[in-house]
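Reproduced below: data_35.cif, with mmCIF, C-alpha atoms and all ligand atoms.
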```cif
data_target
#
loop_
_atom_site.label_atom_id
_atom_site.label_comp_id
_atom_site.auth_asym_id
_atom_site.auth_seq_id
_atom_site.Cartn_x
_atom_site.Cartn_y
_atom_site.Cartn_z
CA MET A 1 159.62 259.09 143.68
CA PRO A 2 159.41 260.39 140.09
CA LEU A 3 155.94 260.87 138.59
CA THR A 4 154.56 258.16 136.31
CA GLY A 5 153.49 258.89 132.75
CA ILE A 6 149.82 258.88 133.76
CA GLN A 7 150.42 261.29 136.66
CA ILE A 8 152.23 263.63 134.26
CA PHE A 9 149.46 263.24 131.66
CA LYS A 10 146.90 264.53 134.17
CA LEU A 11 148.84 267.82 134.35
CA LEU A 12 149.10 268.32 130.57
CA PRO A 13 146.60 270.36 128.46
CA LYS A 14 145.26 267.19 126.69
CA THR A 15 144.66 268.98 123.37
CA ASN A 16 146.86 266.60 121.36
CA CYS A 17 148.08 269.47 119.19
CA GLY A 18 151.36 267.70 118.41
CA GLU A 19 153.56 270.79 118.73
CA CYS A 20 155.86 268.99 121.15
CA GLY A 21 156.95 266.65 118.35
CA VAL A 22 154.80 263.65 119.33
CA PRO A 23 151.18 263.21 118.25
CA THR A 24 149.44 263.12 121.64
CA CYS A 25 149.75 264.50 125.15
CA LEU A 26 149.85 260.93 126.45
CA ALA A 27 152.83 260.07 124.25
CA PHE A 28 154.56 263.24 125.45
CA ALA A 29 153.82 262.33 129.08
CA MET A 30 155.34 258.88 128.55
CA SER A 31 158.43 260.40 126.95
CA LEU A 32 158.79 262.84 129.85
CA ALA A 33 158.48 260.03 132.39
CA ALA A 34 161.18 258.08 130.53
CA GLY A 35 163.46 261.12 130.52
CA LYS A 36 163.36 261.28 126.72
CA ALA A 37 161.67 264.69 126.39
CA GLU A 38 162.08 268.16 127.86
CA LEU A 39 159.18 269.88 129.60
CA SER A 40 159.90 273.03 127.60
CA ALA A 41 158.84 271.22 124.37
CA CYS A 42 155.16 271.83 125.25
CA PRO A 43 154.35 275.55 124.99
CA TYR A 44 150.91 275.16 126.58
CA ILE A 45 151.64 273.81 130.06
CA SER A 46 150.28 276.12 132.77
CA GLU A 47 152.75 277.77 135.13
CA GLU A 48 151.24 275.82 138.03
CA ALA A 49 151.65 272.48 136.25
CA LYS A 50 155.14 273.48 135.15
CA ALA A 51 156.15 274.13 138.75
CA GLN A 52 154.79 270.76 139.86
CA LEU A 53 156.39 268.89 137.00
CA SER A 54 159.75 270.64 137.30
CA GLU A 55 159.95 269.73 140.96
CA ALA A 56 158.91 266.14 140.28
CA ALA A 57 161.11 265.80 137.21
CA ALA A 58 164.22 267.11 138.99
CA PRO A 59 166.73 264.30 139.43
CA PRO A 60 167.45 263.28 143.05
CA ILE A 61 171.02 264.49 142.59
CA ALA A 62 171.21 268.01 141.23
CA THR A 63 172.91 268.65 137.90
CA VAL A 64 175.72 271.18 138.21
CA MET A 65 177.69 272.87 135.42
CA ILE A 66 181.29 273.88 136.02
CA GLY A 67 182.97 276.14 133.51
CA ALA A 68 181.60 277.85 130.44
CA GLY A 69 181.45 277.20 126.71
CA ASP A 70 182.30 273.93 124.94
CA LYS A 71 184.49 272.63 127.75
CA ALA A 72 181.94 273.16 130.53
CA LEU A 73 181.59 270.05 132.66
CA LYS A 74 178.18 268.75 133.67
CA VAL A 75 178.14 266.54 136.77
CA GLY A 76 175.38 264.99 138.87
CA GLY A 77 171.88 264.40 137.52
CA GLU A 78 172.11 260.77 138.62
CA THR A 79 168.95 258.77 139.22
CA VAL A 80 170.06 255.23 140.10
CA LEU A 81 172.27 253.33 142.50
CA PHE A 82 173.42 250.76 139.95
CA ARG A 83 174.22 251.32 136.29
CA HIS A 84 172.22 248.30 135.16
CA GLU A 85 169.00 249.82 136.60
CA LYS A 86 169.04 252.47 133.86
CA ARG A 87 172.36 254.21 133.23
CA PHE A 88 174.72 256.66 134.88
CA GLU A 89 174.15 260.10 133.39
CA ASN A 90 177.15 262.40 133.66
CA PRO A 91 180.71 261.09 133.88
CA PRO A 92 182.85 262.41 136.74
CA GLY A 93 185.36 265.11 135.87
CA PHE A 94 189.08 264.51 136.41
CA ALA A 95 191.02 267.49 137.75
CA ILE A 96 194.76 268.03 138.13
CA LEU A 97 195.99 269.89 141.20
CA ILE A 98 198.26 272.91 140.78
CA SER A 99 199.34 274.90 143.83
CA ASP A 100 200.50 278.49 143.97
CA ALA A 101 203.32 277.23 146.20
CA MET A 102 204.81 275.31 143.25
CA ASP A 103 207.64 276.80 141.21
CA GLU A 104 207.06 277.88 137.63
CA ALA A 105 208.69 274.81 136.10
CA GLU A 106 206.39 272.48 138.02
CA VAL A 107 203.31 274.54 137.13
CA ASN A 108 204.30 274.50 133.44
CA ALA A 109 204.94 270.75 133.55
CA ARG A 110 201.51 270.08 135.05
CA LEU A 111 199.74 272.34 132.57
CA GLY A 112 201.65 270.54 129.81
CA ARG A 113 200.45 267.17 131.10
CA PHE A 114 196.89 268.44 131.45
CA ASN A 115 196.79 269.68 127.87
CA GLY A 116 198.86 266.86 126.39
CA LEU A 117 197.33 263.75 127.93
CA GLN A 118 194.46 263.20 125.51
CA TYR A 119 193.62 259.96 123.75
CA GLU A 120 191.62 258.96 120.70
CA ARG A 121 189.59 255.82 121.28
CA ILE A 122 186.69 254.42 119.24
CA GLY A 123 186.20 257.79 117.63
CA LEU A 124 186.09 259.70 120.92
CA THR A 125 188.60 262.03 122.52
CA LEU A 126 189.29 261.00 126.10
CA ARG A 127 190.72 263.84 128.15
CA PRO A 128 190.76 265.27 131.67
CA ASP A 129 188.41 268.11 132.46
CA LEU A 130 189.46 270.56 135.13
CA VAL A 131 192.41 272.30 136.74
CA ALA A 132 192.18 272.71 140.51
CA VAL A 133 194.20 275.77 141.57
CA LYS A 134 195.07 275.66 145.25
CA GLY A 135 195.96 278.74 147.27
CA ASP A 136 198.63 277.33 149.58
CA SER A 137 200.72 280.50 149.68
CA GLU A 138 197.93 282.60 151.27
CA ASP A 139 199.08 285.36 148.91
CA ALA A 140 196.10 286.73 146.96
CA SER A 141 198.12 288.30 144.14
CA ARG A 142 200.17 285.10 143.66
CA PHE A 143 196.97 283.05 143.54
CA GLU A 144 195.36 285.44 141.06
CA ALA A 145 198.45 285.32 138.82
CA LEU A 146 198.37 281.50 138.79
CA VAL A 147 194.65 281.41 137.98
CA ASN A 148 195.33 283.85 135.13
CA LYS A 149 198.09 281.62 133.83
CA VAL A 150 195.85 278.53 133.93
CA LYS A 151 193.12 280.46 132.14
CA GLN A 152 195.49 281.59 129.40
CA ASN A 153 196.95 278.14 128.88
CA SER A 154 193.76 276.14 128.75
CA ASP A 155 190.07 276.58 127.97
CA CYS A 156 189.05 274.09 130.66
CA GLY A 157 186.93 274.58 133.78
CA ILE A 158 188.73 275.77 136.91
CA ILE A 159 188.37 274.89 140.60
CA LEU A 160 189.50 277.60 143.01
CA MET A 161 190.70 276.02 146.25
CA SER A 162 191.06 277.96 149.46
CA SER A 163 189.16 278.41 152.68
CA ASN A 164 190.08 282.08 152.72
CA PRO A 165 187.32 284.18 151.07
CA GLY A 166 189.84 286.92 150.23
CA ILE A 167 192.02 284.48 148.26
CA LEU A 168 188.96 283.02 146.55
CA ALA A 169 187.80 286.52 145.57
CA ALA A 170 191.19 287.15 143.92
CA GLY A 171 190.85 283.92 141.95
CA ILE A 172 187.31 284.75 140.87
CA LYS A 173 188.50 288.15 139.68
CA ALA A 174 190.84 286.37 137.29
CA CYS A 175 188.36 283.86 135.86
CA ALA A 176 184.76 284.83 136.71
CA ASP A 177 183.80 284.41 133.05
CA ARG A 178 184.78 280.72 133.28
CA LYS A 179 182.25 280.14 136.09
CA PRO A 180 184.81 278.39 138.31
CA LEU A 181 183.87 276.04 141.10
CA ILE A 182 184.57 277.76 144.41
CA TYR A 183 186.01 275.24 146.89
CA GLY A 184 185.03 275.95 149.38
CA ALA A 185 182.58 276.82 151.98
CA ASN A 186 182.87 275.40 155.49
CA LYS A 187 181.18 276.09 158.81
CA ASP A 188 183.47 279.05 159.50
CA ASN A 189 183.32 280.91 156.20
CA ILE A 190 179.99 279.84 154.72
CA ASP A 191 178.36 283.27 154.71
CA SER A 192 181.21 285.02 152.89
CA VAL A 193 181.75 282.18 150.40
CA ALA A 194 178.01 281.96 149.72
CA GLU A 195 178.02 285.68 148.98
CA LEU A 196 180.92 285.23 146.52
CA ALA A 197 179.08 282.41 144.77
CA LYS A 198 175.84 284.38 144.53
CA THR A 199 177.45 287.60 143.35
CA ASN A 200 179.43 285.83 140.63
CA SER A 201 176.86 283.11 139.77
CA CYS A 202 179.45 280.40 140.36
CA PRO A 203 178.94 276.87 141.68
CA VAL A 204 180.23 276.34 145.19
CA ALA A 205 181.69 273.29 146.92
CA VAL A 206 181.05 272.78 150.61
CA LYS A 207 183.35 270.82 152.90
CA ALA A 208 182.27 269.45 156.27
CA SER A 209 183.73 267.12 158.86
CA ASN A 210 180.87 264.62 158.65
CA LEU A 211 177.60 263.98 156.86
CA GLU A 212 175.43 265.65 159.49
CA GLU A 213 177.39 268.88 159.32
CA LEU A 214 177.40 268.62 155.54
CA SER A 215 173.59 268.42 155.47
CA GLN A 216 173.30 271.50 157.67
CA LEU A 217 175.68 273.47 155.48
CA THR A 218 173.95 272.57 152.19
CA ALA A 219 170.58 273.43 153.75
CA LYS A 220 171.99 276.84 154.63
CA LEU A 221 173.30 277.39 151.09
CA THR A 222 169.98 276.30 149.61
CA GLU A 223 168.11 278.71 151.87
CA ALA A 224 170.44 281.44 150.62
CA GLY A 225 169.21 280.67 147.08
CA ILE A 226 172.27 278.72 145.90
CA LYS A 227 171.44 275.66 143.84
CA ASP A 228 174.74 274.75 142.20
CA ILE A 229 176.42 272.90 145.05
CA ILE A 230 179.13 270.23 145.15
CA ILE A 231 179.66 268.34 148.41
CA ASP A 232 182.71 267.01 150.25
CA PRO A 233 181.91 265.04 153.41
CA GLY A 234 185.50 265.55 154.57
CA SER A 235 186.37 261.85 154.93
CA ARG A 236 189.96 261.13 154.01
CA SER A 237 190.36 257.45 154.95
CA LEU A 238 189.53 255.04 152.16
CA ARG A 239 186.88 253.14 154.08
CA GLN A 240 185.11 256.22 155.42
CA ALA A 241 185.20 257.96 152.07
CA PHE A 242 183.74 254.90 150.34
CA GLU A 243 180.98 254.55 152.94
CA ASP A 244 180.13 258.24 152.69
CA GLN A 245 179.75 258.04 148.92
CA ILE A 246 177.33 255.13 149.24
CA ILE A 247 175.34 256.82 152.02
CA ILE A 248 175.14 260.07 150.06
CA ARG A 249 173.86 258.32 146.92
CA ASN A 250 171.33 256.26 148.89
CA ALA A 251 170.09 259.25 150.87
CA ALA A 252 169.74 261.35 147.72
CA LEU A 253 167.79 258.63 145.91
CA ASN A 254 165.49 258.52 148.91
CA LYS A 255 164.83 262.22 148.36
CA PHE A 256 166.92 263.52 151.24
CA ARG A 257 167.53 266.84 149.51
CA PRO A 258 170.41 268.17 151.69
CA LEU A 259 172.64 265.39 150.25
CA GLY A 260 171.22 265.50 146.71
CA PHE A 261 174.33 267.01 145.11
CA PRO A 262 177.36 265.71 143.19
CA THR A 263 180.45 264.99 145.28
CA ILE A 264 184.09 266.00 145.03
CA VAL A 265 186.83 263.59 146.15
CA PHE A 266 190.59 263.84 146.69
CA PRO A 267 192.30 260.45 146.35
CA GLY A 268 195.68 262.22 146.69
CA GLU A 269 194.76 263.15 150.28
CA MET A 270 194.25 259.46 151.13
CA THR A 271 197.68 258.15 150.11
CA ASP A 272 201.15 259.31 149.06
CA ASP A 273 201.58 256.42 146.63
CA PRO A 274 200.65 257.49 143.06
CA MET A 275 199.58 253.96 142.11
CA LYS A 276 197.32 253.63 145.15
CA GLU A 277 195.93 257.05 144.36
CA ALA A 278 194.97 255.83 140.88
CA LEU A 279 193.31 252.75 142.39
CA ILE A 280 191.33 254.86 144.85
CA ALA A 281 190.32 257.17 142.00
CA SER A 282 189.10 254.15 140.02
CA MET A 283 186.86 253.23 142.95
CA PHE A 284 185.33 256.71 142.89
CA VAL A 285 184.68 256.46 139.15
CA ALA A 286 182.39 253.54 139.93
CA LYS A 287 181.11 254.78 143.33
CA TYR A 288 180.10 257.78 142.98
CA GLY A 289 182.58 260.63 142.61
CA GLY A 290 181.30 263.69 140.77
CA ILE A 291 184.70 265.40 140.53
CA ILE A 292 187.93 263.48 141.17
CA VAL A 293 190.91 265.70 141.95
CA LEU A 294 194.24 263.93 141.34
CA SER A 295 197.48 265.21 142.84
CA ASP A 296 199.11 264.91 139.40
CA PHE A 297 198.57 263.22 136.03
CA GLN A 298 200.67 260.42 134.58
CA GLY A 299 199.68 258.76 131.32
CA GLU A 300 199.91 255.23 132.73
CA SER A 301 197.31 255.98 135.41
CA LEU A 302 195.17 258.61 133.68
CA PHE A 303 194.50 256.59 130.53
CA PRO A 304 193.02 253.56 132.37
CA LEU A 305 190.90 255.91 134.47
CA LEU A 306 189.56 257.62 131.35
CA VAL A 307 188.77 254.25 129.77
CA GLU A 308 187.08 253.04 132.97
CA ARG A 309 184.98 256.21 133.01
CA LEU A 310 184.03 255.71 129.36
CA ASN A 311 182.94 252.12 130.01
CA ILE A 312 180.97 252.78 133.17
CA TYR A 313 179.18 255.81 131.78
CA THR A 314 178.25 254.20 128.47
CA ASP A 315 174.50 253.65 128.36
CA PRO A 316 174.11 249.86 128.72
CA GLN A 317 170.87 250.04 126.73
CA ARG A 318 172.58 251.70 123.77
CA PRO A 319 175.76 250.14 122.44
CA LEU A 320 178.23 252.58 120.93
CA ALA A 321 177.44 252.55 117.25
CA THR A 322 179.07 253.81 114.06
CA LYS A 323 177.01 255.37 111.26
CA GLU A 324 175.96 253.01 108.48
CA GLY A 325 177.76 253.65 105.19
CA ILE A 326 180.84 253.13 103.05
CA TYR A 327 184.15 254.03 104.66
CA ASP A 328 187.22 254.44 102.46
CA ILE A 329 190.41 253.44 104.18
CA GLY A 330 193.84 254.33 102.79
CA GLY A 331 192.56 255.82 99.49
CA PRO A 332 190.94 252.82 97.76
CA ASP A 333 190.14 252.66 94.04
CA GLU A 334 187.99 250.52 91.75
CA ASN A 335 190.24 247.50 92.25
CA SER A 336 190.39 247.68 96.05
CA PRO A 337 188.81 245.02 98.27
CA VAL A 338 185.33 245.53 99.73
CA LEU A 339 184.85 244.30 103.29
CA LEU A 340 181.68 244.15 105.33
CA THR A 341 181.20 244.54 109.08
CA SER A 342 178.62 245.51 111.70
CA ASN A 343 178.23 248.98 113.20
CA PHE A 344 179.24 248.08 116.77
CA SER A 345 181.84 250.82 117.33
CA LEU A 346 184.48 248.55 118.77
CA THR A 347 184.15 246.16 115.81
CA TYR A 348 184.34 249.04 113.36
CA PHE A 349 187.47 250.48 114.92
CA ILE A 350 189.19 247.10 115.14
CA VAL A 351 188.40 246.19 111.51
CA SER A 352 189.22 249.64 110.12
CA GLY A 353 192.46 249.68 112.14
CA GLU A 354 193.50 246.29 110.76
CA ILE A 355 192.73 247.35 107.18
CA GLU A 356 194.81 250.46 107.73
CA SER A 357 197.72 248.53 109.18
CA SER A 358 197.63 246.08 106.23
CA ARG A 359 198.53 249.02 103.95
CA VAL A 360 196.11 247.61 101.38
CA PRO A 361 193.58 250.37 100.67
CA GLY A 362 190.03 249.11 101.02
CA TRP A 363 186.32 249.90 101.15
CA LEU A 364 184.63 249.04 104.42
CA LEU A 365 180.85 248.61 104.32
CA VAL A 366 179.36 249.24 107.75
CA LYS A 367 175.83 247.85 108.06
CA ASP A 368 173.53 249.23 110.74
CA THR A 369 173.06 246.36 113.20
CA GLU A 370 171.80 248.62 116.00
CA GLY A 371 175.25 248.66 117.53
CA LEU A 372 175.47 244.87 117.91
CA SER A 373 178.65 242.96 117.17
CA VAL A 374 178.85 240.57 114.21
CA VAL A 375 177.86 237.36 115.98
CA THR A 376 175.22 238.95 118.23
CA ALA A 377 173.67 240.78 115.27
CA TRP A 378 173.65 237.57 113.23
CA ALA A 379 171.98 235.66 116.10
CA ALA A 380 169.39 238.44 116.39
CA GLY A 381 168.62 238.21 112.66
CA LYS A 382 169.97 241.71 111.97
CA PHE A 383 173.07 240.65 110.05
CA VAL A 384 171.77 237.96 107.72
CA ALA A 385 171.59 237.74 103.92
CA ASP A 386 168.10 239.27 103.72
CA ALA A 387 169.22 242.33 105.67
CA ILE A 388 172.72 242.70 104.19
CA ALA A 389 171.83 242.40 100.48
CA PRO A 390 169.48 245.44 100.30
CA PHE A 391 172.12 247.51 102.08
CA VAL A 392 174.88 246.45 99.65
CA LYS A 393 172.64 247.27 96.67
CA LYS A 394 171.52 250.62 98.07
CA CYS A 395 174.84 251.93 99.40
CA GLY A 396 176.27 252.31 95.89
CA ILE A 397 179.48 250.32 96.33
CA GLY A 398 178.69 248.50 93.06
CA ASP A 399 179.43 251.72 91.15
CA ARG A 400 182.75 252.25 92.87
CA VAL A 401 184.46 248.93 92.13
CA LYS A 402 184.92 246.87 89.00
CA HIS A 403 185.31 243.47 90.61
CA HIS A 404 182.08 242.92 92.62
CA LYS A 405 183.67 240.72 95.24
CA LEU A 406 182.40 241.11 98.80
CA ILE A 407 184.48 239.94 101.77
CA ILE A 408 182.23 239.02 104.69
CA PRO A 409 183.32 238.32 108.30
CA GLY A 410 184.35 234.69 108.87
CA TYR A 411 181.58 234.33 111.44
CA LEU A 412 179.01 235.00 108.67
CA ALA A 413 180.23 232.11 106.48
CA VAL A 414 176.82 230.46 106.85
CA GLU A 415 175.25 233.46 105.06
CA SER A 416 177.51 233.30 101.99
CA GLY A 417 175.18 231.14 99.89
CA GLY A 418 172.13 233.23 100.71
CA LEU A 419 174.03 236.42 99.96
CA GLU A 420 175.13 235.22 96.52
CA GLU A 421 171.49 234.45 95.75
CA GLU A 422 170.36 237.87 96.96
CA LEU A 423 173.21 239.69 95.24
CA PRO A 424 173.35 238.43 91.65
CA GLY A 425 176.66 239.32 90.01
CA TRP A 426 178.55 239.44 93.32
CA GLU A 427 181.05 236.86 94.48
CA VAL A 428 181.00 236.45 98.24
CA LEU A 429 184.37 235.69 99.87
CA ILE A 430 184.69 234.52 103.45
CA GLY A 431 187.13 236.68 105.38
CA PRO A 432 188.92 235.95 108.65
CA ARG A 433 187.02 235.38 111.88
CA ASP A 434 189.53 237.41 113.84
CA GLY A 435 190.31 241.02 112.95
CA ALA A 436 194.00 240.39 113.66
CA HIS A 437 194.16 238.13 110.59
CA ILE A 438 192.82 240.78 108.20
CA PRO A 439 196.25 242.19 107.19
CA ALA A 440 197.56 238.75 106.14
CA TYR A 441 194.29 238.06 104.30
CA LEU A 442 194.42 241.36 102.42
CA LYS A 443 198.04 240.88 101.39
CA GLU A 444 196.75 238.00 99.23
CA TRP A 445 193.97 240.12 97.71
CA LYS A 446 193.52 240.00 93.93
CA PRO A 447 190.57 241.79 92.27
FE1 LIG Q 1 149.91 267.99 124.36
FE2 LIG Q 1 151.55 270.07 124.78
FE3 LIG Q 1 152.27 268.11 123.14
FE4 LIG Q 1 150.32 269.77 122.43
S1 LIG Q 1 152.45 270.32 122.76
S2 LIG Q 1 150.37 267.51 122.21
S3 LIG Q 1 149.35 270.16 124.37
S4 LIG Q 1 151.90 267.94 125.30
#
```

Written as structure tokens, how would this file's structure read?
Amino acid sequence: MPLTGIQIFKLLPKTNCGECGVPTCLAFAMSLAAGKAELSACPYISEEAKAQLSEAAAPPIATVMIGAGDKALKVGGETVLFRHEKRFENPPGFAILISDAMDEAEVNARLGRFNGLQYERIGLTLRPDLVAVKGDSEDASRFEALVNKVKQNSDCGIILMSSNPGILAAGIKACADRKPLIYGANKDNIDSVAELAKTNSCPVAVKASNLEELSQLTAKLTEAGIKDIIIDPGSRSLRQAFEDQIIIRNAALNKFRPLGFPTIVFPGEMTDDPMKEALIASMFVAKYGGIIVLSDFQGESLFPLLVERLNIYTDPQRPLATKEGIYDIGGPDENSPVLLTSNFSLTYFIVSGEIESSRVPGWLLVKDTEGLSVVTAWAAGKFVADAIAPFVKKCGIGDRVKHHKLIIPGYLAVESGGLEEELPGWEVLIGPRDGAHIPAYLKEWKP
């Protein structure tokens, strides 16, 4: 069980010096317990206390980095069974499989799909994360050449797949600086693969034939000083794989350390049907894949998986929010319409998209409603005349337009009278309730 704030407080210096960014040691202890502060922020914790706190503060599932630089993927670090208990921490990585037995055209096509299938959604770039290079040919130089090619054609993280330590060593030679995931160790090769991982400071994946064997293998790696471990329980039927994921998460949350690592799953080894593979992958996004290796990428299956991942790994306590301010859309001028909306990201992107598609340039005022949508924010008293008027006055839109007409969302019609009282000199117009009607509304706009 994690330590409580009071238990942590007992281990702190209690000088209340404030150097950690909060005024008291107690406040810092509470922040640490809530996972909102880093232990390193206090420079005065004794080494003994640090050791105790680090051990206690470590998440039940280890956090593992794969790759280096901006595109490094962080997986694991999970602390709950269900998202609504707190949140899921680190989204699973999607990997595309490329084999050294494939011909050049196929390799190029897959690399093209890996690099090309990226999507902009609510201001975020959704994209896959890793390339899994598989050594099917058992030819070390061929494997090394393919790893080199992947490295040159993408700055992503790499998974090296072979059970032959000699082949893995050739792959590492080509991309050691990328800190590839070595997949993997098994009961027959664990000593040599562990040595490769230690020498090159790379994370290692371990594959077993059942959970018991898996626990023994991870214990052996841990004893050898390896901490960055990814686990594969070896199950390849849908039911068994699903059960194993649940058991692993439960065991880890109950502090069974040998299973406290992120998992790697292979939906493509459970079916030959690409659509079924996508469905199986979607199950692992929710329950509890750390890395999901797909046999190939197609836009129609990858995009829904990326969106599912985005939704499940969004913190339910913090709605996606857009920064408060004035957004100019399509090059507006002093005669352009001024529209108001909340800062719930989805609302912002729908409204701004509709203004853009209307081809009527406009000013969009985005009021901070703590990420709540228009109606929810209004019901919570965060998007009412008293709150909106000071924002409109302060944001400076009055200096940018001549007309002083403010278009409010249709759902805020009840606030129009109050707003006109609070904003002398402004005429408040009631806009559409539905974003889809904005283009037609704006076509009628007259300053
Ligand atoms: Fe307490 Fe350390 Fe923060 Fe100072 S820096 S207030 S000693 S926790």

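The spacing separating atom CA of Ala68 of chain A from atom CA of Val80 of chain A amounts to 27.2 Å.
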
(message) Could you list, as a PyMOL selection string, every residue within 8 Å of Ala185 of chain A, counting only C-alpha atoms and ignoring same-chain residues fewer than 2 positions away?
(response) chain A and resi 163+182-183+187-190+193-194+204-207

(request) Would you mind listing the residues within 9 Å of ligand LIG 1 (chain Q), counting only C-alpha atoms and all ligand atoms, as a list in words? (result)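 Protein and nucleic-acid residues within 9 Å of ligand LIG 1 (chain Q): Phe9, Leu12, Pro13, Lys14, Thr15, Asn16, Cys17, Gly18, Glu19, Cys20, Gly21, Val22, Pro23, Thr24, Cys25, Leu26, Ala27, Phe28, Ala29, Leu39, Ala41, Cys42, Pro43, Tyr44 and Ile45 of chain A.
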
If you count only C-alpha atoms, which residues fall within 8 Å of Trp363 of chain A, apart from same-chain ones fewer than 2 positions away, as an mmCIF file with C-alpha atoms, keeping the file's coordinate frame?
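Full text of around35.cif as output:
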```cif
data_model
loop_
_atom_site.group_PDB
_atom_site.id
_atom_site.type_symbol
_atom_site.label_atom_id
_atom_site.label_comp_id
_atom_site.auth_asym_id
_atom_site.auth_seq_id
_atom_site.Cartn_x
_atom_site.Cartn_y
_atom_site.Cartn_z
ATOM 1 C CA ILE A 326 180.840 253.130 103.050
ATOM 2 C CA TYR A 327 184.150 254.030 104.660
ATOM 3 C CA ASP A 328 187.220 254.440 102.460
ATOM 4 C CA ILE A 329 190.410 253.440 104.180
ATOM 5 C CA PRO A 332 190.940 252.820 97.760
ATOM 6 C CA SER A 336 190.390 247.680 96.050
ATOM 7 C CA PRO A 337 188.810 245.020 98.270
ATOM 8 C CA VAL A 338 185.330 245.530 99.730
ATOM 9 C CA LEU A 339 184.850 244.300 103.290
ATOM 10 C CA PRO A 361 193.580 250.370 100.670
ATOM 11 C CA LEU A 365 180.850 248.610 104.320
#
```

(request) Measure the distance from atom CA of Ala440 of chain A to atom CA of Ala387 of chain A in Å and round it to one decimal. (result) 28.6 Å

(message) Between atom CA of Lys149 of chain A and atom CA of Asp296 of chain A, what is the distance in Å, rounded to a tenth?
(response)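 Going from atom CA of Lys149 of chain A over to atom CA of Asp296 of chain A, I get 17.6 Å.
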
(request) Find, counting all atoms listed in the file, the residue in A:Arg127, A:Lys367, A:Lys405, A:Lys443 that gets nearest to Val428 of chain A. (result)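 Looking at the shortest contact to Val428 of chain A, the residue is A:Lys405.
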
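Shortest atom-to-atom contact with Met30 of chain A among A:Gln216, A:Asn90, A:Thr4, A:Thr322: A:Thr4, counting only C-alpha atoms.
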
(request) Rank nothing, just name the residue among A:Pro91, A:Gly67, A:Gly268, A:Gly353 nearest to Ile122 of chain A, using only C-alpha atoms. (result) A:Gly353

Name the residues in contact with Gly76 of chain A at a cut-off of 10 Å, using only C-alpha atoms, excluding same-chain residues fewer than 4 positions from it; report them as an mmCIF file with C-alpha atoms, in the coordinates of the input.
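Contents of the output file out37.cif:
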```
data_model
loop_
_atom_site.group_PDB
_atom_site.id
_atom_site.type_symbol
_atom_site.label_atom_id
_atom_site.label_comp_id
_atom_site.auth_asym_id
_atom_site.auth_seq_id
_atom_site.Cartn_x
_atom_site.Cartn_y
_atom_site.Cartn_z
ATOM 1 C CA PRO A 59 166.730 264.300 139.430
ATOM 2 C CA PRO A 60 167.450 263.280 143.050
ATOM 3 C CA ILE A 61 171.020 264.490 142.590
ATOM 4 C CA ALA A 62 171.210 268.010 141.230
ATOM 5 C CA THR A 63 172.910 268.650 137.900
ATOM 6 C CA VAL A 64 175.720 271.180 138.210
ATOM 7 C CA MET A 65 177.690 272.870 135.420
ATOM 8 C CA PHE A 88 174.720 256.660 134.880
ATOM 9 C CA GLU A 89 174.150 260.100 133.390
ATOM 10 C CA ASN A 90 177.150 262.400 133.660
ATOM 11 C CA PRO A 91 180.710 261.090 133.880
ATOM 12 C CA PRO A 92 182.850 262.410 136.740
ATOM 13 C CA ILE A 230 179.130 270.230 145.150
ATOM 14 C CA GLY A 260 171.220 265.500 146.710
ATOM 15 C CA PHE A 261 174.330 267.010 145.110
ATOM 16 C CA PRO A 262 177.360 265.710 143.190
ATOM 17 C CA THR A 263 180.450 264.990 145.280
ATOM 18 C CA TYR A 288 180.100 257.780 142.980
ATOM 19 C CA GLY A 289 182.580 260.630 142.610
ATOM 20 C CA GLY A 290 181.300 263.690 140.770
ATOM 21 C CA ILE A 291 184.700 265.400 140.530
#
```

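Neighbours of Gly325 of chain A closer than or equal to 12 Å, with all atoms listed in the file counted and sequence neighbours fewer than 6 positions away skipped, come out as Leu339, Leu340, Thr341, Ser342, Asn343, Tyr348, Trp363, Leu364, Leu365, Val366, Lys367, Asp368, Thr369, Phe391, Val392, Lys393, Lys394, Cys395, Gly396 and Ile397 of chain A.
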
(request) Please provide as number ranges by chain all residues within 10 Å of Arg121 of chain A, with the sequence filter that same-chain residues fewer than 5 positions apart are discarded (counting all atoms listed in the file). (result) A: 126, 307, 310, 346, 349

Saved selection, atoms kept: C-alpha atoms, as a compact mmCIF listing (two decimals), keeping the file's coordinate frame:
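Saved file selection.txt follows:
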```txt
# COMPACT_ATOMS: atom_id res chain seq x y z
CA LEU A 126 189.29 261.00 126.10
CA VAL A 307 188.77 254.25 129.77
CA LEU A 310 184.03 255.71 129.36
CA LEU A 346 184.48 248.55 118.77
CA PHE A 349 187.47 250.48 114.92
```

(message) With distances taken over only C-alpha atoms, which residue among A:Phe82, A:Phe297, A:Tyr411, A:Phe284 lies nearest Val131 of chain A?
(response) A:Phe297

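The residue that comes closest to Asp177 of chain A, out of A:Leu419, A:Cys202, A:Ala145, A:Ala380 and on the basis of only C-alpha atoms, is A:Cys202.
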
(message) Tell me which residues come within 12 Å of (183.8, 250.7, 129.0), as a list in words, counting all atoms listed in the file in the file's coordinates.
(response)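 Output of the proximity query reads Pro91, Arg121, Ile122, Val285, Ala286, Pro304, Leu305, Leu306, Val307, Glu308, Arg309, Leu310, Asn311, Ile312, Tyr313, Thr314, Asp315, Pro316, Pro319, Leu320, Ser345 and Leu346 of chain A.
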
(message) Here is a test: counting all atoms listed in the file, which residue of A:Ser215, A:Glu223, A:Ser201, A:Ser237 is nearest to Thr271 of chain A?
(response)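 Checking each candidate against Thr271 of chain A, we get A:Ser237 as the closest.
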